[in-house]
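Here is start.pdb, consisting of PDB, C-alpha atoms and all ligand atoms:
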```pdb
ATOM      1  CA  MET U   1      27.688 -13.147   7.784
ATOM      2  CA  SER U   2      30.045 -15.106   5.577
ATOM      3  CA  LYS U   3      29.922 -14.533   1.852
ATOM      4  CA  HIS U   4      28.878 -18.127   1.278
ATOM      5  CA  SER U   5      25.734 -18.398   3.398
ATOM      6  CA  ALA U   6      22.428 -17.594   1.745
ATOM      7  CA  ILE U   7      20.611 -14.357   2.596
ATOM      8  CA  ARG U   8      17.475 -15.366   4.543
ATOM      9  CA  ILE U   9      14.500 -13.424   3.182
ATOM     10  CA  GLY U  10      11.482 -13.205   5.486
ATOM     11  CA  THR U  11       8.058 -13.003   3.878
ATOM     12  CA  ARG U  12       4.388 -13.553   4.628
ATOM     13  CA  LYS U  13       2.903 -16.685   3.083
ATOM     14  CA  SER U  14       0.298 -15.255   0.729
ATOM     15  CA  GLN U  15       0.827 -15.748  -2.983
ATOM     16  CA  LEU U  16       1.398 -12.009  -3.464
ATOM     17  CA  ALA U  17       3.892 -11.726  -0.589
ATOM     18  CA  THR U  18       5.722 -14.799  -1.857
ATOM     19  CA  TRP U  19       5.887 -13.382  -5.390
ATOM     20  CA  GLN U  20       7.305 -10.143  -4.010
ATOM     21  CA  ALA U  21       9.930 -11.952  -1.926
ATOM     22  CA  ARG U  22      10.937 -14.084  -4.940
ATOM     23  CA  GLN U  23      11.311 -10.909  -6.998
ATOM     24  CA  VAL U  24      13.769  -9.544  -4.433
ATOM     25  CA  ALA U  25      15.515 -12.938  -4.436
ATOM     26  CA  ARG U  26      15.882 -12.720  -8.253
ATOM     27  CA  LYS U  27      17.369  -9.232  -8.001
ATOM     28  CA  LEU U  28      19.812 -10.333  -5.287
ATOM     29  CA  ARG U  29      20.841 -13.329  -7.383
ATOM     30  CA  GLU U  30      21.519 -10.993 -10.334
ATOM     31  CA  ILE U  31      24.079  -9.183  -8.193
ATOM     32  CA  GLY U  32      25.653 -12.444  -7.037
ATOM     33  CA  HIS U  33      23.901 -13.449  -3.792
ATOM     34  CA  GLU U  34      22.276 -16.733  -2.856
ATOM     35  CA  THR U  35      18.979 -16.464  -1.002
ATOM     36  CA  GLU U  36      16.499 -18.559   0.955
ATOM     37  CA  LEU U  37      12.843 -17.715   1.722
ATOM     38  CA  ILE U  38      11.570 -17.986   5.303
ATOM     39  CA  PHE U  39       7.788 -17.869   5.760
ATOM     40  CA  VAL U  40       6.321 -15.951   8.710
ATOM     41  CA  THR U  41       2.627 -15.833   9.672
ATOM     42  CA  SER U  42       1.133 -12.472  10.691
ATOM     43  CA  GLU U  43      -1.842 -11.704  12.923
ATOM     44  CA  GLY U  44      -3.574 -10.038   9.991
ATOM     45  CA  ASP U  45      -3.307 -13.242   7.962
ATOM     46  CA  ILE U  46      -4.693 -15.532  10.694
ATOM     47  CA  ASP U  47      -7.731 -13.493  11.769
ATOM     48  CA  LEU U  48      -9.718 -13.034   8.563
ATOM     49  CA  THR U  49     -12.997 -11.843  10.068
ATOM     50  CA  THR U  50     -12.231  -8.830  12.270
ATOM     51  CA  PRO U  51     -12.242  -5.651  10.149
ATOM     52  CA  LEU U  52      -8.682  -4.325   9.882
ATOM     53  CA  THR U  53      -9.794  -1.009  11.302
ATOM     54  CA  GLU U  54     -10.633  -2.810  14.588
ATOM     55  CA  MET U  55      -7.515  -4.975  14.790
ATOM     56  CA  GLY U  56      -5.238  -2.628  16.678
ATOM     57  CA  GLY U  57      -4.450  -0.925  13.392
ATOM     58  CA  LYS U  58      -0.777  -0.298  12.852
ATOM     59  CA  GLY U  59       1.429  -3.171  11.914
ATOM     60  CA  VAL U  60      -0.980  -6.140  12.054
ATOM     61  CA  PHE U  61       0.704  -7.438   8.912
ATOM     62  CA  THR U  62       4.246  -6.436   9.773
ATOM     63  CA  LYS U  63       4.702  -7.299  13.461
ATOM     64  CA  ALA U  64       5.547 -10.994  12.995
ATOM     65  CA  LEU U  65       8.086 -10.237  10.267
ATOM     66  CA  ASP U  66       9.616  -7.467  12.383
ATOM     67  CA  ASN U  67      10.042  -9.920  15.268
ATOM     68  CA  ALA U  68      11.605 -12.586  13.043
ATOM     69  CA  GLN U  69      14.093  -9.968  11.918
ATOM     70  CA  LEU U  70      14.842  -8.665  15.418
ATOM     71  CA  ASN U  71      15.350 -12.275  16.634
ATOM     72  CA  GLY U  72      17.812 -12.893  13.834
ATOM     73  CA  GLU U  73      15.658 -15.605  12.216
ATOM     74  CA  VAL U  74      15.767 -13.709   8.927
ATOM     75  CA  ASP U  75      18.309 -11.260   7.506
ATOM     76  CA  ILE U  76      15.968  -9.099   5.442
ATOM     77  CA  ALA U  77      12.204  -8.738   5.096
ATOM     78  CA  VAL U  78      10.111  -7.835   2.060
ATOM     79  CA  HIS U  79       6.951  -5.780   2.592
ATOM     80  CA  SER U  80       4.335  -4.076   0.461
ATOM     81  CA  PHE U  81       5.534  -0.557   1.195
ATOM     82  CA  LYS U  82       1.986   0.748   1.666
ATOM     83  CA  ASP U  83       1.504  -1.683   4.577
ATOM     84  CA  LEU U  84       4.453  -0.236   6.553
ATOM     85  CA  PRO U  85       3.530   2.288   9.254
ATOM     86  CA  THR U  86       5.146   5.699   8.646
ATOM     87  CA  GLU U  87       6.542   5.681  12.169
ATOM     88  CA  ASN U  88       8.870   2.855  13.143
ATOM     89  CA  PRO U  89      10.255   2.760  16.682
ATOM     90  CA  LEU U  90      12.194  -0.494  16.025
ATOM     91  CA  PRO U  91      15.896  -0.764  15.099
ATOM     92  CA  LEU U  92      14.910  -1.755  11.557
ATOM     93  CA  LYS U  93      15.190   0.388   8.441
ATOM     94  CA  VAL U  94      14.128   0.412   4.821
ATOM     95  CA  ALA U  95      17.328  -0.340   2.879
ATOM     96  CA  ALA U  96      15.744  -0.390  -0.583
ATOM     97  CA  VAL U  97      12.533   0.571  -2.319
ATOM     98  CA  MET U  98      11.982  -1.567  -5.423
ATOM     99  CA  GLU U  99      10.793  -0.084  -8.712
ATOM    100  CA  ARG U 100       7.083   0.642  -8.504
ATOM    101  CA  ALA U 101       4.616  -1.419 -10.512
ATOM    102  CA  ASP U 102       1.123  -0.198 -11.498
ATOM    103  CA  PRO U 103       0.061   2.194  -8.694
ATOM    104  CA  ARG U 104      -3.645   2.257  -9.622
ATOM    105  CA  ASP U 105      -6.697   0.848  -7.922
ATOM    106  CA  SER U 106      -8.886  -1.373 -10.045
ATOM    107  CA  LEU U 107     -12.439  -2.694 -10.059
ATOM    108  CA  VAL U 108     -13.250  -6.384 -10.243
ATOM    109  CA  ALA U 109     -16.891  -6.701 -11.306
ATOM    110  CA  PRO U 110     -17.847 -10.316 -12.117
ATOM    111  CA  GLY U 111     -21.020  -9.161 -13.931
ATOM    112  CA  GLY U 112     -19.160  -6.431 -15.800
ATOM    113  CA  PRO U 113     -18.850  -2.706 -15.021
ATOM    114  CA  GLY U 114     -21.981  -1.716 -16.995
ATOM    115  CA  PHE U 115     -23.885  -0.838 -13.780
ATOM    116  CA  LEU U 116     -21.631   2.197 -13.334
ATOM    117  CA  SER U 117     -23.387   4.060 -16.140
ATOM    118  CA  ASP U 118     -26.840   3.711 -14.489
ATOM    119  CA  SER U 119     -26.897   6.573 -11.996
ATOM    120  CA  ASP U 120     -30.086   5.308 -10.280
ATOM    121  CA  TYR U 121     -28.707   1.829  -9.580
ATOM    122  CA  ARG U 122     -27.769   1.245  -5.940
ATOM    123  CA  ALA U 123     -24.682  -0.895  -6.356
ATOM    124  CA  THR U 124     -22.880  -2.760  -3.574
ATOM    125  CA  ILE U 125     -19.096  -2.510  -3.632
ATOM    126  CA  ALA U 126     -16.747  -4.457  -1.356
ATOM    127  CA  THR U 127     -13.648  -2.916   0.149
ATOM    128  CA  SER U 128     -12.224  -2.703   3.657
ATOM    129  CA  SER U 129     -10.148   0.371   2.867
ATOM    130  CA  ASN U 130     -11.467   3.679   4.206
ATOM    131  CA  ARG U 131      -9.567   5.495   1.467
ATOM    132  CA  ARG U 132     -11.350   3.464  -1.245
ATOM    133  CA  ARG U 133     -14.712   3.665   0.536
ATOM    134  CA  ALA U 134     -14.619   7.447   0.869
ATOM    135  CA  GLN U 135     -13.473   8.112  -2.700
ATOM    136  CA  TRP U 136     -16.008   5.660  -4.116
ATOM    137  CA  LEU U 137     -18.895   7.188  -2.125
ATOM    138  CA  HIS U 138     -17.791  10.673  -3.170
ATOM    139  CA  ARG U 139     -18.211   9.639  -6.814
ATOM    140  CA  TYR U 140     -21.173   7.263  -6.357
ATOM    141  CA  PRO U 141     -23.109   8.641  -3.336
ATOM    142  CA  ASN U 142     -26.017   6.196  -3.645
ATOM    143  CA  HIS U 143     -23.863   3.064  -3.619
ATOM    144  CA  GLU U 144     -23.319   0.894  -0.556
ATOM    145  CA  ILE U 145     -19.873  -0.206   0.660
ATOM    146  CA  VAL U 146     -19.421  -3.542   2.453
ATOM    147  CA  ASN U 147     -16.310  -4.830   4.206
ATOM    148  CA  ILE U 148     -14.197  -7.588   2.733
ATOM    149  CA  ARG U 149     -11.141  -9.135   4.372
ATOM    150  CA  GLY U 150      -8.472 -11.598   3.388
ATOM    151  CA  ASN U 151      -5.538 -11.754   1.037
ATOM    152  CA  VAL U 152      -5.910 -11.016  -2.672
ATOM    153  CA  ASN U 153      -6.847 -14.625  -3.538
ATOM    154  CA  THR U 154      -9.523 -15.023  -0.871
ATOM    155  CA  ARG U 155     -10.998 -11.598  -1.635
ATOM    156  CA  LEU U 156     -11.212 -12.511  -5.302
ATOM    157  CA  GLU U 157     -13.027 -15.750  -4.384
ATOM    158  CA  LYS U 158     -15.451 -13.782  -2.213
ATOM    159  CA  VAL U 159     -16.329 -11.293  -4.937
ATOM    160  CA  GLU U 160     -17.020 -14.170  -7.306
ATOM    161  CA  THR U 161     -19.328 -15.999  -4.887
ATOM    162  CA  ASN U 162     -21.177 -13.072  -3.247
ATOM    163  CA  ASP U 163     -23.826 -11.015  -5.019
ATOM    164  CA  TRP U 164     -21.900  -7.771  -4.718
ATOM    165  CA  ASP U 165     -21.495  -5.743  -7.902
ATOM    166  CA  GLY U 166     -17.743  -5.404  -7.486
ATOM    167  CA  ALA U 167     -14.720  -5.060  -5.273
ATOM    168  CA  ILE U 168     -11.675  -2.801  -5.380
ATOM    169  CA  PHE U 169      -8.118  -4.136  -5.594
ATOM    170  CA  ALA U 170      -4.647  -2.707  -6.072
ATOM    171  CA  ALA U 171      -3.940  -3.426  -9.741
ATOM    172  CA  ALA U 172      -0.338  -4.406  -8.926
ATOM    173  CA  GLY U 173      -1.455  -7.096  -6.488
ATOM    174  CA  LEU U 174      -3.601  -8.843  -9.115
ATOM    175  CA  GLN U 175      -1.142  -8.390 -11.973
ATOM    176  CA  ARG U 176       1.824  -9.747 -10.024
ATOM    177  CA  ILE U 177       0.143 -13.088  -9.403
ATOM    178  CA  ASP U 178      -1.293 -13.365 -12.916
ATOM    179  CA  LEU U 179      -4.854 -12.441 -11.943
ATOM    180  CA  GLY U 180      -4.896  -9.191 -13.929
ATOM    181  CA  HIS U 181      -7.507 -10.641 -16.306
ATOM    182  CA  HIS U 182     -10.091 -10.274 -13.508
ATOM    183  CA  ILE U 183      -9.793  -6.479 -13.698
ATOM    184  CA  SER U 184     -12.918  -4.883 -15.212
ATOM    185  CA  GLY U 185     -11.536  -1.350 -15.176
ATOM    186  CA  TYR U 186      -8.803   0.875 -13.812
ATOM    187  CA  LEU U 187      -9.904   3.586 -11.383
ATOM    188  CA  ASP U 188      -7.789   6.415 -12.768
ATOM    189  CA  TRP U 189      -9.866   8.944 -10.820
ATOM    190  CA  MET U 190      -9.062   7.335  -7.454
ATOM    191  CA  VAL U 191      -5.949   8.592  -5.645
ATOM    192  CA  PRO U 192      -3.917   5.510  -4.622
ATOM    193  CA  ALA U 193      -2.582   4.797  -1.137
ATOM    194  CA  ALA U 194       0.833   6.236  -0.327
ATOM    195  CA  ALA U 195       3.448   3.836  -1.768
ATOM    196  CA  GLN U 196       0.873   1.574  -3.438
ATOM    197  CA  GLY U 197       2.545  -0.748  -5.933
ATOM    198  CA  ALA U 198       6.001  -0.444  -4.337
ATOM    199  CA  MET U 199       7.896  -2.955  -2.182
ATOM    200  CA  ALA U 200      10.248  -2.111   0.673
ATOM    201  CA  VAL U 201      13.155  -4.282   1.785
ATOM    202  CA  MET U 202      14.069  -3.921   5.463
ATOM    203  CA  VAL U 203      17.322  -4.665   7.239
ATOM    204  CA  ARG U 204      18.381  -4.469  10.896
ATOM    205  CA  GLU U 205      19.847  -1.053  11.640
ATOM    206  CA  ASP U 206      23.055  -2.620  12.985
ATOM    207  CA  ASP U 207      23.553  -4.836   9.928
ATOM    208  CA  GLY U 208      25.708  -2.585   7.770
ATOM    209  CA  GLU U 209      26.770  -5.441   5.511
ATOM    210  CA  MET U 210      23.191  -6.354   4.596
ATOM    211  CA  ASP U 211      22.292  -2.671   4.213
ATOM    212  CA  GLU U 212      25.085  -2.244   1.681
ATOM    213  CA  ILE U 213      23.983  -5.274  -0.341
ATOM    214  CA  VAL U 214      20.266  -4.461  -0.330
ATOM    215  CA  ALA U 215      20.809  -0.755  -1.064
ATOM    216  CA  GLN U 216      22.007  -1.793  -4.534
ATOM    217  CA  LEU U 217      18.412  -2.776  -5.351
ATOM    218  CA  ASN U 218      17.020   0.682  -4.554
ATOM    219  CA  HIS U 219      15.112   2.398  -7.374
ATOM    220  CA  ASP U 220      15.844   6.087  -6.868
ATOM    221  CA  ASP U 221      12.761   7.556  -8.588
ATOM    222  CA  THR U 222      10.418   5.202  -6.733
ATOM    223  CA  ALA U 223      12.157   5.952  -3.430
ATOM    224  CA  LEU U 224      11.827   9.699  -4.049
ATOM    225  CA  CYS U 225       8.126   9.535  -4.963
ATOM    226  CA  THR U 226       7.071   7.110  -2.220
ATOM    227  CA  GLY U 227       9.109   9.155   0.276
ATOM    228  CA  ILE U 228       7.072  12.253  -0.587
ATOM    229  CA  GLU U 229       3.809  10.301  -0.341
ATOM    230  CA  ARG U 230       4.782   8.896   3.047
ATOM    231  CA  ASP U 231       5.925  12.284   4.387
ATOM    232  CA  PHE U 232       2.445  13.523   3.508
ATOM    233  CA  LEU U 233       0.700  10.548   5.144
ATOM    234  CA  HIS U 234       2.870  10.870   8.243
ATOM    235  CA  ASP U 235       2.045  14.567   8.704
ATOM    236  CA  MET U 236      -1.667  13.960   8.242
ATOM    237  CA  GLU U 237      -1.213  11.993  11.489
ATOM    238  CA  ALA U 238      -3.826   9.674  10.209
ATOM    239  CA  GLY U 239      -2.264   6.227  10.012
ATOM    240  CA  CYS U 240      -2.733   3.667   7.288
ATOM    241  CA  SER U 241      -6.495   3.310   7.807
ATOM    242  CA  ALA U 242      -7.303   6.980   7.168
ATOM    243  CA  PRO U 243      -9.340   8.075   4.147
ATOM    244  CA  VAL U 244      -6.253   9.680   2.669
ATOM    245  CA  GLY U 245      -4.580   9.072  -0.700
ATOM    246  CA  ALA U 246      -1.261  10.309  -2.087
ATOM    247  CA  TYR U 247       0.520   9.710  -5.360
ATOM    248  CA  ALA U 248       3.674  11.210  -6.882
ATOM    249  CA  PHE U 249       5.322  10.534 -10.231
ATOM    250  CA  ILE U 250       8.180  12.064 -12.171
ATOM    251  CA  GLU U 251       7.791  13.550 -15.639
ATOM    252  CA  GLU U 252      10.380  15.729 -17.373
ATOM    253  CA  GLU U 253      12.380  16.422 -14.203
ATOM    254  CA  ASN U 254       9.267  17.454 -12.291
ATOM    255  CA  VAL U 255       7.466  15.610  -9.528
ATOM    256  CA  HIS U 256       3.706  15.656  -9.975
ATOM    257  CA  PHE U 257       1.981  15.139  -6.649
ATOM    258  CA  LYS U 258      -1.676  14.554  -5.910
ATOM    259  CA  ALA U 259      -3.247  14.078  -2.501
ATOM    260  CA  VAL U 260      -6.755  13.726  -1.127
ATOM    261  CA  ALA U 261      -8.415  13.496   2.283
ATOM    262  CA  LEU U 262     -12.119  12.817   2.752
ATOM    263  CA  THR U 263     -14.692  12.181   5.425
ATOM    264  CA  LEU U 264     -15.554   8.473   5.681
ATOM    265  CA  ASP U 265     -18.920   9.057   4.005
ATOM    266  CA  GLY U 266     -17.167  10.745   1.094
ATOM    267  CA  ARG U 267     -19.212  13.938   1.405
ATOM    268  CA  GLU U 268     -16.378  16.270   2.305
ATOM    269  CA  ARG U 269     -13.276  16.166   0.174
ATOM    270  CA  TYR U 270      -9.977  18.089   0.260
ATOM    271  CA  ASP U 271      -7.627  17.979  -2.722
ATOM    272  CA  CYS U 272      -4.109  19.124  -3.365
ATOM    273  CA  GLU U 273      -2.135  19.016  -6.602
ATOM    274  CA  GLU U 274       1.441  20.238  -7.106
ATOM    275  CA  ARG U 275       4.187  20.166  -9.714
ATOM    276  CA  VAL U 276       7.693  20.792  -8.381
ATOM    277  CA  PRO U 277      11.173  20.392  -9.928
ATOM    278  CA  VAL U 278      12.776  17.155  -8.700
ATOM    279  CA  SER U 279      15.602  19.120  -7.046
ATOM    280  CA  GLU U 280      13.122  21.076  -4.894
ATOM    281  CA  THR U 281      10.949  18.294  -3.485
ATOM    282  CA  GLY U 282      12.545  17.977  -0.030
ATOM    283  CA  GLU U 283       9.546  19.493   1.751
ATOM    284  CA  LEU U 284       6.828  18.647  -0.778
ATOM    285  CA  GLY U 285       4.976  15.985   1.227
ATOM    286  CA  HIS U 286       5.160  17.992   4.452
ATOM    287  CA  ALA U 287       4.025  21.208   2.744
ATOM    288  CA  ALA U 288       1.111  19.426   1.038
ATOM    289  CA  ALA U 289      -0.084  18.087   4.398
ATOM    290  CA  ARG U 290       0.046  21.584   5.901
ATOM    291  CA  THR U 291      -1.921  22.944   2.933
ATOM    292  CA  LEU U 292      -4.633  20.286   3.153
ATOM    293  CA  LEU U 293      -4.922  20.551   6.941
ATOM    294  CA  SER U 294      -5.314  24.328   6.743
ATOM    295  CA  LYS U 295      -7.956  23.969   4.011
ATOM    296  CA  GLY U 296     -10.073  22.038   6.543
ATOM    297  CA  ALA U 297      -8.859  18.439   6.252
ATOM    298  CA  ASP U 298      -8.011  18.552   9.973
ATOM    299  CA  THR U 299     -11.713  17.832  10.614
ATOM    300  CA  VAL U 300     -11.352  14.576   8.632
ATOM    301  CA  ILE U 301      -8.499  13.493  10.876
ATOM    302  CA  ASP U 302     -10.422  14.456  14.011
ATOM    303  CA  GLU U 303     -13.315  12.305  12.755
ATOM    304  CA  MET U 304     -10.919   9.327  12.467
ATOM    305  CA  LYS U 305      -9.453   9.880  15.930
ATOM    306  CA  SER U 306     -12.839  10.071  17.648
ATOM    307  CA  ASP U 307     -13.981   6.819  15.988
TER     308      ASP U 307
HETATM  309  N1  LIG S   1      -3.852  -3.865   1.752
HETATM  310  C1  LIG S   1      -3.238  -5.122   1.407
HETATM  311  C2  LIG S   1      -2.322  -4.958   0.255
HETATM  312  N2  LIG S   1      -1.060  -4.529   0.444
HETATM  313  C3  LIG S   1      -0.465  -4.453  -0.788
HETATM  314  C4  LIG S   1      -1.381  -4.845  -1.752
HETATM  315  C5  LIG S   1      -1.158  -4.901  -3.199
HETATM  316  C6  LIG S   1       0.207  -4.463  -3.690
HETATM  317  C7  LIG S   1       0.480  -3.005  -3.502
HETATM  318  O1  LIG S   1      -0.444  -2.190  -3.401
HETATM  319  O2  LIG S   1       1.666  -2.655  -3.456
HETATM  320  C8  LIG S   1      -2.559  -5.173  -1.098
HETATM  321  C9  LIG S   1      -3.799  -5.658  -1.724
HETATM  322  C10 LIG S   1      -4.750  -4.564  -2.166
HETATM  323  O3  LIG S   1      -4.671  -3.426  -1.708
HETATM  324  O4  LIG S   1      -5.670  -4.869  -2.969
END
```

Please, can you express the file's structure as structure tokens?
Amino acid sequence: MSKHSAIRIGTRKSQLATWQARQVARKLREIGHETELIFVTSEGDIDLTTPLTEMGGKGVFTKALDNAQLNGEVDIAVHSFKDLPTENPLPLKVAAVMERADPRDSLVAPGGPGFLSDSDYRATIATSSNRRRAQWLHRYPNHEIVNIRGNVNTRLEKVETNDWDGAIFAAAGLQRIDLGHHISGYLDWMVPAAAQGAMAVMVREDDGEMDEIVAQLNHDDTALCTGIERDFLHDMEAGCSAPVGAYAFIEEENVHFKAVALTLDGRERYDCEERVPVSETGELGHAAARTLLSKGADTVIDEMKSD
């Protein structure tokens, strides 16, 4: 590619995806590169009714972008890192992980979150994430979970027009597109999805020039922490729809790591918490998966596989 042609950035069309792609464009411009956004429609964006768990799972949101990249229609692609499968057979690689925003889950409750303090109230909460469902039911066993599909904007519309008590969103997704004021509370007790709040920029494996450019955007601490989370998720052999959470952060040269696996009904729960010096974290995610599986979390995974 000549120095003077713009870097073509592939993105999905949703407001959040577009914001994320523009953020990468801004960062590339700061280091002297012109960019152009190319919009690509994914299967997961077109079919808004089938629950994600029934849509052939892995990669419903990423396949179209992957193809655009393999065909050479775009040079790089921006993804929510948590949407990327942990196994990638394609000649594409993550060249940069951008600095993580708020990793937390949040509750949007149009009537306010007051119902949470009434332990007899049988609330209805919307989420299509098994991880959120299981952790919510573990904490609020008499609540009901209903499925909700769509991008952040359409889900927000749905929670405002249905008579559900609330819905769960990634805080970063709402904040990035200036909808953070809809958040009724942050779910600090819920373990986020591996890599939640982080973006990944992908390049073709054979495109060394693009790799070198994009690698300059990498945020080392975020890459380290999300790498540990994804090692854990990978070894749980559970895929992105599993009721599994993982979160790592760095404080005073130590990585703090927290992971959880639950049955879908939230009744059985397996937890793991570690603090390890940054220099000794090479095996942390893998070791945590082994620990949880040997504690009994393997039954959770078997439940998912037999579904
Ligand atoms: N599952 C879809 C998805 N993928 C990334 C985000 C938000 C941004 C992020 O978590 O990085 C969302 C929306 C949500 O979970 O509410």

Legend entry - stretch 191-203 of chain U surroundings by only C-alpha atoms, 6 Å radius, close-in-sequence under 3 positions cut, as a PyMOL selection string: chain U and resi 76-82+92-98+100-104+172+226+229-230+245-246

Inset, instruction - Report the distance between atom CA of U:Lys295 and atom CA of U:Tyr270 in Å, rounded to one decimal place. - result: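 Value for the atom CA of U:Lys295-atom CA of U:Tyr270 distance: 7.3 Å.
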
Inset, instruction - Find the residue from U:Leu84, U:Leu262, U:Leu90, U:Ala287 that sits nearest to U:Arg132; use all atoms listed in the file when measuring. - result: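 Using all atoms listed in the file, the shortest distance to U:Arg132 belongs to U:Leu262.
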
Inset, instruction - Determine the residue set returned by the PyMOL selection byres (((chain U and resi 155-165) around 10) and not hetatm) for the present structure, and present it as a ChimeraX atom specification. - result: /U:107-116,122-127,144-146,148-154,166-169,174,179,182

Inset, instruction - May I ask for the distance between atom CA of U:Ser106 and atom CA of U:Gly227, given in Å to one decimal place? - result: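 These atoms are spaced 23.3 Å apart.
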
Inset, instruction - Please measure the separation of atom CA of U:Arg26 and atom C1 of ligand LIG 1 (chain S), giving the value in Å to one decimal. - result: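 We find that atom CA of U:Arg26 and atom C1 of ligand LIG 1 (chain S) lie 22.7 Å from each other.
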
Inset, instruction - Spell out the residues picked by the PyMOL selection byres (((chain U and resi 11-13) around 7) and not hetatm) here, as a list in words. - result: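 Taken on the displayed file, the PyMOL selection byres (((chain U and resi 11-13) around 7) and not hetatm) yields the residues Ile9, Gly10, Ser14, Gln15, Ala17, Thr18, Ala21, Ile38, Phe39, Val40, Thr41, Ser42, Leu65, Ala77 and Val78 of chain U.
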
Inset, instruction - Can you work out which one of U:Leu137, U:Val74, U:Ile301, U:Ala170 has the shortest atom-to-atom distance to ligand LIG 1 (chain S), counting all atoms listed in the file? - result: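 Among the listed residues, U:Ala170 lies closest to ligand LIG 1 (chain S).
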
Inset, instruction - Enumerate, as a VMD selection string, the residues matched when the PyMOL selection byres (((chain U and resi 259) around 7) and not hetatm) is run on the file above. - result: chain U and resid 191 245 to 247 257 to 258 260 271 to 273

Legend entry - Closest of U:Leu264, U:His256, U:Ala297, U:Pro141 to U:Pro277 - atom-to-atom distances counting only C-alpha atoms: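 Nearest to U:Pro277: U:His256.
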
What are the centre and edge lengths in Å, to one decimal, of the axis-aligned box around all listed atoms of ligand LIG 1 (chain S) with 3 Å added on each side, as JSON?
```
{"center_x": -2.0, "center_y": -3.9, "center_z": -1.0, "size_x": 13.3, "size_y": 9.5, "size_z": 11.4}
```

Inset, instruction - Extract, using all atoms listed in the file, all DNA, RNA and protein residues at most 12 Å from U:Lys27, discarding same-chain residues fewer than 4 positions from it, and format them as a list in words. - result: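 In the requested format, the answer is Gln20, Ala21, Arg22, Gln23, Ile31, Gly32, His33, Glu34, Thr35, Ala96, Met98, Glu99, Val201, Ile213, Val214, Ala215, Gln216, Leu217, Asn218 and His219 of chain U.
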
Legend entry - For stretch 279-282 of chain U: contacts at 8 Å, all atoms listed in the file, fewer than 3 positions along chain excluded, given as a list in words: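 Within the cut-off, the hits are Ile228, Val255, Val276 and Gly285 of chain U.
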
Write the residues of the preceding selection, restricted to C-alpha atoms, as a PDB file, in the coordinates of the input.
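Result file follows (again_23.pdb):
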```pdb
ATOM      1  CA  ILE U 228       7.072  12.253  -0.587  1.00  0.00           C
ATOM      2  CA  VAL U 255       7.466  15.610  -9.528  1.00  0.00           C
ATOM      3  CA  VAL U 276       7.693  20.792  -8.381  1.00  0.00           C
ATOM      4  CA  GLY U 285       4.976  15.985   1.227  1.00  0.00           C
TER       5      GLY U 285
END
```

Inset, instruction - Using all atoms listed in the file, find the one residue out of U:Asp265, U:Asp66, U:Asp105, U:Glu36 that sits nearest to ligand LIG 1 (chain S). - result: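 Distance minimum relative to ligand LIG 1 (chain S) lands on U:Asp105.
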
Please check which residues have atoms at most 12 Å from (8.1, -0.8, 19.3) in the file's coordinates, counting all atoms listed in the file, and write them as a compact mmCIF listing (two decimals) with C-alpha atoms, in the coordinates of the input.
```
# COMPACT_ATOMS: atom_id res chain seq x y z
CA LYS U 58 -0.78 -0.30 12.85
CA GLY U 59 1.43 -3.17 11.91
CA THR U 62 4.25 -6.44 9.77
CA LYS U 63 4.70 -7.30 13.46
CA ASP U 66 9.62 -7.47 12.38
CA ASN U 67 10.04 -9.92 15.27
CA LEU U 70 14.84 -8.66 15.42
CA PRO U 85 3.53 2.29 9.25
CA GLU U 87 6.54 5.68 12.17
CA ASN U 88 8.87 2.86 13.14
CA PRO U 89 10.26 2.76 16.68
CA LEU U 90 12.19 -0.49 16.02
CA PRO U 91 15.90 -0.76 15.10
CA LEU U 92 14.91 -1.76 11.56
```

Inset, instruction - Considering all atoms listed in the file, state which residue in the set U:Leu284, U:Ala25, U:Ala261, U:Ala171 is at the smallest distance from ligand LIG 1 (chain S). - result: U:Ala171

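For the residues U:His143, U:Gly180, U:Asp75, U:Gln69, ranking by smallest atom-to-atom distance to ligand LIG 1 (chain S) using all atoms listed in the file places U:Gly180 first.
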